[in-house]
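Visitor: Here you go, this is run-v7.tsv (TSV, C-alpha atoms).
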```
chain	number	residue	atom	x	y	z
A	183	MET	CA	-54.12	-19.90	25.62
A	184	LEU	CA	-52.71	-16.56	26.75
A	185	SER	CA	-49.88	-18.19	28.66
A	186	ALA	CA	-48.84	-20.18	25.58
A	187	LYS	CA	-48.72	-17.01	23.48
A	188	ALA	CA	-46.86	-15.21	26.23
A	189	GLY	CA	-44.36	-18.05	26.34
A	190	LYS	CA	-43.79	-17.84	22.60
A	191	VAL	CA	-43.32	-14.08	22.80
A	192	ALA	CA	-40.88	-14.44	25.69
A	193	LEU	CA	-38.96	-17.12	23.79
A	194	ALA	CA	-38.79	-14.89	20.70
A	195	LEU	CA	-37.54	-11.98	22.77
A	196	LEU	CA	-34.92	-14.14	24.43
A	197	SER	CA	-33.79	-15.40	21.00
A	198	ILE	CA	-33.47	-11.84	19.69
A	199	ALA	CA	-31.58	-10.77	22.81
A	200	PHE	CA	-29.23	-13.74	22.50
A	201	ALA	CA	-28.61	-13.09	18.80
A	202	SER	CA	-27.95	-9.41	19.50
A	203	HIS	CA	-25.49	-10.32	22.25
A	204	VAL	CA	-23.66	-12.73	19.94
A	205	MET	CA	-23.41	-10.12	17.17
A	206	TYR	CA	-22.29	-7.42	19.62
A	207	THR	CA	-19.60	-9.70	21.05
A	208	TYR	CA	-18.43	-10.68	17.55
A	209	TYR	CA	-18.05	-7.11	16.29
A	210	LYS	CA	-16.54	-5.95	19.59
A	211	ASN	CA	-13.90	-8.68	19.43
A	212	ARG	CA	-13.33	-8.04	15.73
A	213	LYS	CA	-12.80	-4.35	16.42
A	214	LYS	CA	-10.32	-5.20	19.16
A	215	SER	CA	-8.45	-7.55	16.82
A	216	ARG	CA	-7.94	-4.81	14.21
A	217	LYS	CA	-4.82	-2.72	14.43
A	218	PRO	CA	-5.23	0.92	15.49
A	219	ASN	CA	-5.45	3.56	12.78
A	220	ILE	CA	-2.13	4.51	11.24
A	221	ASN	CA	-1.36	8.15	10.45
A	222	GLU	CA	2.31	8.98	10.07
A	223	VAL	CA	4.18	11.72	8.22
A	224	LEU	CA	7.69	11.07	6.93
A	225	MET	CA	9.95	13.96	5.89
A	226	PHE	CA	13.00	13.64	3.66
A	227	SER	CA	15.80	16.19	3.12
A	228	TYR	CA	19.49	16.24	2.26
A	229	ASP	CA	20.49	17.46	5.75
A	230	GLN	CA	18.92	14.66	7.81
A	231	ALA	CA	21.62	13.44	10.18
A	232	ASP	CA	19.77	10.61	11.94
A	233	LEU	CA	21.39	7.84	9.90
A	234	ARG	CA	20.97	4.33	11.26
A	235	LYS	CA	21.46	0.69	10.44
A	236	SER	CA	18.42	-1.08	9.08
A	237	LYS	CA	17.53	-4.66	8.28
A	238	PHE	CA	16.01	-3.35	5.06
A	239	SER	CA	19.24	-1.87	3.64
A	240	ARG	CA	22.94	-2.58	3.37
A	241	CYS	CA	23.62	1.14	3.80
A	242	MET	CA	23.06	3.58	6.65
A	243	ILE	CA	19.68	5.22	6.04
A	244	THR	CA	17.50	7.87	7.66
A	245	ARG	CA	14.65	7.14	10.03
A	246	SER	CA	12.15	8.24	7.37
A	247	MET	CA	13.60	5.81	4.83
A	248	ASP	CA	13.63	3.04	7.43
A	249	ARG	CA	9.95	3.67	8.20
A	250	LEU	CA	9.02	3.72	4.50
A	251	LEU	CA	10.78	0.41	3.93
A	252	TYR	CA	9.14	-0.99	7.06
A	253	TYR	CA	5.64	-0.20	5.79
A	254	LEU	CA	6.36	-1.66	2.36
A	255	ASN	CA	7.87	-4.80	3.88
A	256	SER	CA	4.76	-5.25	6.06
A	257	THR	CA	2.65	-5.96	2.96
A	258	TYR	CA	0.82	-9.25	3.40
A	259	TYR	CA	-1.48	-9.76	0.40
A	260	SER	CA	-1.21	-7.07	-2.28
A	261	ILE	CA	0.44	-3.81	-3.27
A	262	ASP	CA	-0.55	-1.44	-6.08
A	263	ILE	CA	2.21	1.03	-6.95
A	264	CYS	CA	1.68	4.16	-9.03
A	265	MET	CA	5.08	5.83	-9.34
A	266	TYR	CA	6.43	8.43	-11.75
A	267	VAL	CA	9.95	7.01	-11.58
A	268	LEU	CA	11.60	4.20	-9.58
A	269	THR	CA	15.38	3.80	-9.37
A	270	ASN	CA	16.25	3.41	-5.66
A	271	THR	CA	17.83	0.00	-5.02
A	272	ASP	CA	16.41	-0.51	-1.52
A	273	LEU	CA	12.86	0.13	-2.72
A	274	ILE	CA	13.31	-2.09	-5.76
A	275	ASN	CA	14.69	-4.86	-3.54
A	276	ILE	CA	11.63	-4.66	-1.29
A	277	ILE	CA	9.31	-5.04	-4.30
A	278	VAL	CA	11.27	-8.06	-5.55
A	279	GLN	CA	11.17	-9.64	-2.09
A	280	LEU	CA	7.41	-9.11	-1.86
A	281	ASN	CA	7.01	-10.78	-5.23
A	282	THR	CA	9.06	-13.75	-4.01
A	283	ARG	CA	6.78	-14.01	-0.97
A	284	GLY	CA	3.76	-14.32	-3.25
A	285	VAL	CA	2.37	-10.81	-2.78
A	286	LYS	CA	0.19	-9.68	-5.71
A	287	ILE	CA	1.92	-6.66	-7.27
A	288	ARG	CA	0.66	-4.26	-9.91
A	289	MET	CA	2.66	-1.24	-11.03
A	290	ILE	CA	1.96	1.84	-13.12
A	291	MET	CA	4.85	4.00	-14.34
A	292	ASP	CA	5.28	7.08	-16.51
A	293	ALA	CA	6.03	6.06	-20.09
A	294	ASP	CA	9.00	8.39	-20.57
A	295	MET	CA	10.57	7.48	-17.22
A	296	ALA	CA	10.09	3.72	-17.56
A	297	PHE	CA	13.32	3.36	-19.53
A	298	THR	CA	15.28	6.18	-17.91
A	299	ASN	CA	18.80	5.52	-16.65
A	300	GLY	CA	18.63	3.27	-13.56
A	301	SER	CA	14.97	2.38	-14.09
A	302	SER	CA	13.77	-0.78	-12.40
A	303	LEU	CA	11.63	-1.87	-15.36
A	304	ARG	CA	13.87	-4.62	-16.70
A	305	ARG	CA	14.37	-6.14	-13.28
A	306	LEU	CA	10.63	-6.11	-12.61
A	307	GLU	CA	10.05	-7.65	-16.03
A	308	LYS	CA	12.36	-10.54	-15.19
A	309	GLN	CA	10.38	-11.10	-11.98
A	310	GLY	CA	7.11	-11.31	-13.93
A	311	ILE	CA	5.67	-8.23	-12.24
A	312	PRO	CA	3.02	-6.56	-14.44
A	313	VAL	CA	3.80	-2.93	-15.28
A	314	ARG	CA	1.56	-0.59	-17.29
A	315	TRP	CA	2.01	2.82	-18.89
A	316	MET	CA	0.42	5.17	-21.39
A	317	LYS	CA	2.30	6.94	-24.19
A	318	SER	CA	1.22	10.54	-23.81
A	319	THR	CA	2.47	14.11	-23.85
A	320	ASN	CA	1.06	14.32	-20.31
A	321	LEU	CA	2.96	12.97	-17.33
A	322	MET	CA	1.80	10.09	-15.15
A	323	HIS	CA	3.04	12.07	-12.15
A	324	HIS	CA	1.39	10.15	-9.29
A	325	LYS	CA	3.52	8.93	-6.39
A	326	PHE	CA	1.47	6.58	-4.24
A	327	CYS	CA	1.01	2.93	-3.36
A	328	ILE	CA	-1.84	0.99	-1.76
A	329	ILE	CA	-1.08	-1.89	0.57
A	330	ASP	CA	-3.37	-4.86	1.30
A	331	ASN	CA	-6.59	-3.21	0.15
A	332	LEU	CA	-7.46	-5.93	-2.38
A	333	TYR	CA	-7.50	-8.88	0.00
A	334	GLY	CA	-7.06	-7.34	3.45
A	335	HIS	CA	-10.72	-8.01	4.26
A	336	LEU	CA	-9.84	-11.71	4.45
A	337	ASN	CA	-7.89	-11.03	7.64
A	338	PRO	CA	-9.26	-8.47	10.15
A	339	THR	CA	-5.80	-8.00	11.68
A	340	VAL	CA	-4.43	-6.66	8.37
A	341	GLU	CA	-4.80	-2.89	8.00
A	342	PRO	CA	-4.95	-1.55	4.42
A	343	LEU	CA	-2.72	1.49	3.89
A	344	VAL	CA	-2.02	4.16	1.35
A	345	ILE	CA	1.41	5.79	1.11
A	346	MET	CA	1.46	9.06	-0.83
A	347	GLY	CA	3.31	12.34	-1.12
A	348	SER	CA	5.87	14.19	-3.22
A	349	LEU	CA	8.53	11.46	-3.03
A	350	ASN	CA	9.67	9.73	-6.19
A	351	TRP	CA	11.36	6.45	-5.38
A	352	THR	CA	14.79	7.64	-6.48
A	353	ASN	CA	18.14	8.18	-4.77
A	354	GLN	CA	17.93	11.92	-5.37
A	355	ALA	CA	14.49	12.16	-3.79
A	356	VAL	CA	15.35	9.96	-0.81
A	357	ASN	CA	18.76	11.48	-0.04
A	358	GLY	CA	18.79	14.93	-1.61
A	359	ASN	CA	15.45	16.65	-2.03
A	360	TRP	CA	12.98	18.10	0.41
A	361	GLU	CA	10.13	15.59	0.18
A	362	ASP	CA	7.11	14.44	2.16
A	363	VAL	CA	5.30	11.12	2.56
A	364	MET	CA	2.03	10.42	4.34
A	365	VAL	CA	1.09	6.93	5.52
A	366	THR	CA	-2.53	6.42	6.52
A	367	SER	CA	-5.04	3.65	7.07
A	368	GLN	CA	-8.09	5.94	6.94
A	369	GLU	CA	-10.56	3.86	4.98
A	370	ASP	CA	-12.12	6.63	2.91
A	371	ILE	CA	-8.72	7.88	1.76
A	372	VAL	CA	-7.48	4.37	0.93
A	373	THR	CA	-10.66	3.76	-1.07
A	374	GLN	CA	-10.25	6.94	-3.13
A	375	TYR	CA	-6.69	6.06	-4.06
A	376	GLN	CA	-7.74	2.51	-4.94
A	377	THR	CA	-10.44	3.88	-7.23
A	378	GLU	CA	-7.90	6.03	-9.06
A	379	PHE	CA	-5.42	3.18	-9.41
A	380	ASP	CA	-8.05	0.79	-10.76
A	381	ARG	CA	-9.21	3.43	-13.25
A	382	LEU	CA	-5.67	3.91	-14.56
A	383	TRP	CA	-5.00	0.16	-14.59
A	384	LEU	CA	-7.87	-0.34	-17.05
A	385	GLN	CA	-6.90	2.68	-19.11
A	386	PHE	CA	-3.16	2.03	-19.37
A	387	LYS	CA	-1.48	-0.77	-21.33
A	388	SER	CA	1.22	-3.31	-20.52
A	389	ILE	CA	4.72	-2.08	-21.31
A	390	VAL	CA	5.78	-5.59	-22.14
A	391	ASP	CA	3.79	-8.80	-22.26
A	392	ILE	CA	4.29	-9.80	-18.62
A	393	ALA	CA	0.78	-9.25	-17.21
```
Represent the structure of the file as structure tokens.

Guide:
Amino acid sequence: MLSAKAGKVALALLSIAFASHVMYTYYKNRKKSRKPNINEVLMFSYDQADLRKSKFSRCMITRSMDRLLYYLNSTYYSIDICMYVLTNTDLINIIVQLNTRGVKIRMIMDADMAFTNGSSLRRLEKQGIPVRWMKSTNLMHHKFCIIDNLYGHLNPTVEPLVIMGSLNWTNQAVNGNWEDVMVTSQEDIVTQYQTEFDRLWLQFKSIVDIA
């Protein structure tokens, strides 16, 4: 009688140990398969002399611009863009290319800057990319984007990112001003930016009926 109970207990313990080993191996391998944390600072200024050729541009561009375009081009599933003003051709081209690749894109712009000279709005409209704004005396002055946070969990090798800083996506900002950009995959920071974007997305309205 005792030996039978002891056998059952031993079997239960072995089952628990086996299950624990399987779970440990799974999460260990999953952790290994994930990319390392990304934390990179990009600085922009008019006197940067490190111009280079890039597959992301027809022009010679700085290392910082090349890195920014690299991160944007690495988008796999989704990108949420919250940008005060967007006029730079290289950055617009990347967004259009992502849309062609089937990436889910959502964009929020400042209402007054949406139709400024050189604005990308009409081109984005033709691509069917949803853009929202809010008519207000206050500025929508954010400059950030969130990469692959909506569907990145479907693929453990995809690392969600947030790109934020002082940089407007304009020629003047990229080539003339002193600007900063931070790229990070820290989960708590990505989550906070996603929360803000989703809040604005519900609050703001479509500029044109393309959503």

Visitor: Around the point (13.8, -6.1, -12.8), in the coordinates given by the file, pick out the residues reaching within 12 Å, counting all atoms listed in the file, and return them as a list of chain:residue names.

Guide: A:Leu268, A:Thr269, A:Thr271, A:Leu273, A:Ile274, A:Asn275, A:Ile276, A:Ile277, A:Val278, A:Gln279, A:Asn281, A:Ala296, A:Phe297, A:Gly300, A:Ser301, A:Ser302, A:Leu303, A:Arg304, A:Arg305, A:Leu306, A:Glu307, A:Lys308, A:Gln309, A:Gly310, A:Ile311, A:Pro312, A:Val313, A:Ile392

Visitor: Show which residues sit within 10 Å of Val356 of chain A, as a list in words. Count only C-alpha atoms, and ignore same-chain residues fewer than 6 positions away.

Guide: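 Residues meeting the cut-off are Met225, Phe226, Ser227, Tyr228, Ile243, Thr244, Ser246, Met247, Asn270, Leu349, Asn350 and Asp362 of chain A.
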
Visitor: Can I get the selection written as a short mmCIF file (atom, residue, chain, number, x, y, z; two decimals), in the coordinates of the input, with C-alpha atoms?

Guide:
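Everything below was put into part24.cif:
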```cif
data_model
loop_
_atom_site.label_atom_id
_atom_site.label_comp_id
_atom_site.auth_asym_id
_atom_site.auth_seq_id
_atom_site.Cartn_x
_atom_site.Cartn_y
_atom_site.Cartn_z
CA MET A 225 9.95 13.96 5.89
CA PHE A 226 13.00 13.64 3.66
CA SER A 227 15.80 16.19 3.12
CA TYR A 228 19.49 16.24 2.26
CA ILE A 243 19.68 5.22 6.04
CA THR A 244 17.50 7.87 7.66
CA SER A 246 12.15 8.24 7.37
CA MET A 247 13.60 5.81 4.83
CA ASN A 270 16.25 3.41 -5.66
CA LEU A 349 8.53 11.46 -3.03
CA ASN A 350 9.67 9.73 -6.19
CA ASP A 362 7.11 14.44 2.16
#
```

Visitor: Which residue, A:Glu222, A:Glu378, A:Asp248, A:Asp292, has the smallest gap to Met322 of chain A when you use all atoms listed in the file?

Guide: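 Counting all atoms listed in the file, the residue closest to Met322 of chain A is A:Asp292.
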
Visitor: Hey, which of A:Ile345, A:Ile389, A:Leu251, A:Val223 ends up closest to Lys317 of chain A? Count all atoms listed in the file.

Guide: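 Nearest candidate to Lys317 of chain A out of A:Ile345, A:Ile389, A:Leu251, A:Val223: A:Ile389.
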
Visitor: May I have the residues at most 6 Å from (-1.5, 1.7, -6.0) in the file's coordinates, counting only C-alpha atoms, as a VMD selection string?

Guide: chain A and resid 262 to 264 326 to 328 379

Visitor: Could you name the residues that touch Leu250 of chain A at 9 Å or less, counting only C-alpha atoms, but leaving out those on the same chain fewer than 5 positions away, as a PyMOL selection string?

Guide: chain A and resi 224+245+255+273+345+363+365

Visitor: In Å, how far is it from atom CA of Lys325 of chain A to atom CA of Met265 of chain A?

Guide: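 These atoms are spaced 4.6 Å apart.
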
Visitor: Could you work out how far atom CA of Thr257 of chain A lies from atom CA of Thr339 of chain A, giving the answer in Å with one decimal?

Guide: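 Separating atom CA of Thr339 of chain A from atom CA of Thr257 of chain A is a distance of 12.3 Å.
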
Visitor: What does the distance between atom CA of Gln385 of chain A and atom CA of Val267 of chain A come to in Å, to one decimal place?

Guide: 19.0 Å

Visitor: Looking at only C-alpha atoms, which of A:Ile329, A:Ile290, A:Leu280, A:Val285 is the one that sits closest to Ser367 of chain A?

Guide: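 Once distances to Ser367 of chain A are computed over only C-alpha atoms, the minimum belongs to A:Ile329.
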
Visitor: For Trp351 of chain A, which residue among A:Gln230, A:Lys286, A:Val372, A:His324 is the nearest when counting only C-alpha atoms?

Guide: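 With only C-alpha atoms as the atom set, the closest residue is A:His324.
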
Visitor: With N, CA and C atoms as the target, complete segment 222-238 of chain A and hand it back as a short mmCIF file (atom, residue, chain, number, x, y, z; two decimals), keeping the file's coordinate frame.

Guide:
```cif
data_model
loop_
_atom_site.label_atom_id
_atom_site.label_comp_id
_atom_site.auth_asym_id
_atom_site.auth_seq_id
_atom_site.Cartn_x
_atom_site.Cartn_y
_atom_site.Cartn_z
N GLU A 222 0.92 8.60 9.82
CA GLU A 222 2.31 8.98 10.07
C GLU A 222 2.84 9.80 8.90
N VAL A 223 3.55 10.87 9.23
CA VAL A 223 4.18 11.72 8.22
C VAL A 223 5.68 11.49 8.25
N LEU A 224 6.26 11.26 7.06
CA LEU A 224 7.69 11.07 6.93
C LEU A 224 8.26 12.21 6.10
N MET A 225 9.30 12.86 6.60
CA MET A 225 9.95 13.96 5.89
C MET A 225 11.35 13.55 5.44
N PHE A 226 11.69 13.94 4.23
CA PHE A 226 13.00 13.64 3.66
C PHE A 226 13.69 14.96 3.30
N SER A 227 15.01 15.04 3.56
CA SER A 227 15.80 16.19 3.12
C SER A 227 17.28 15.80 3.14
N TYR A 228 18.07 16.56 2.41
CA TYR A 228 19.49 16.24 2.26
C TYR A 228 20.25 16.38 3.58
N ASP A 229 19.74 17.18 4.53
CA ASP A 229 20.49 17.46 5.75
C ASP A 229 20.06 16.61 6.94
N GLN A 230 19.29 15.55 6.70
CA GLN A 230 18.92 14.66 7.81
C GLN A 230 20.16 13.92 8.30
N ALA A 231 20.40 14.00 9.61
CA ALA A 231 21.62 13.44 10.18
C ALA A 231 21.36 12.18 11.01
N ASP A 232 20.11 11.75 11.08
CA ASP A 232 19.77 10.61 11.94
C ASP A 232 19.96 9.28 11.21
N LEU A 233 21.13 9.08 10.63
CA LEU A 233 21.39 7.84 9.90
C LEU A 233 21.48 6.67 10.86
N ARG A 234 21.00 5.52 10.40
CA ARG A 234 20.97 4.33 11.26
C ARG A 234 21.10 3.08 10.42
N LYS A 235 21.46 2.00 11.09
CA LYS A 235 21.46 0.69 10.44
C LYS A 235 20.02 0.21 10.33
N SER A 236 19.77 -0.56 9.28
CA SER A 236 18.42 -1.08 9.08
C SER A 236 18.50 -2.47 8.47
N LYS A 237 17.58 -3.32 8.86
CA LYS A 237 17.53 -4.66 8.28
C LYS A 237 17.03 -4.63 6.85
N PHE A 238 16.56 -3.48 6.41
CA PHE A 238 16.01 -3.35 5.06
C PHE A 238 17.03 -2.80 4.06
#
```
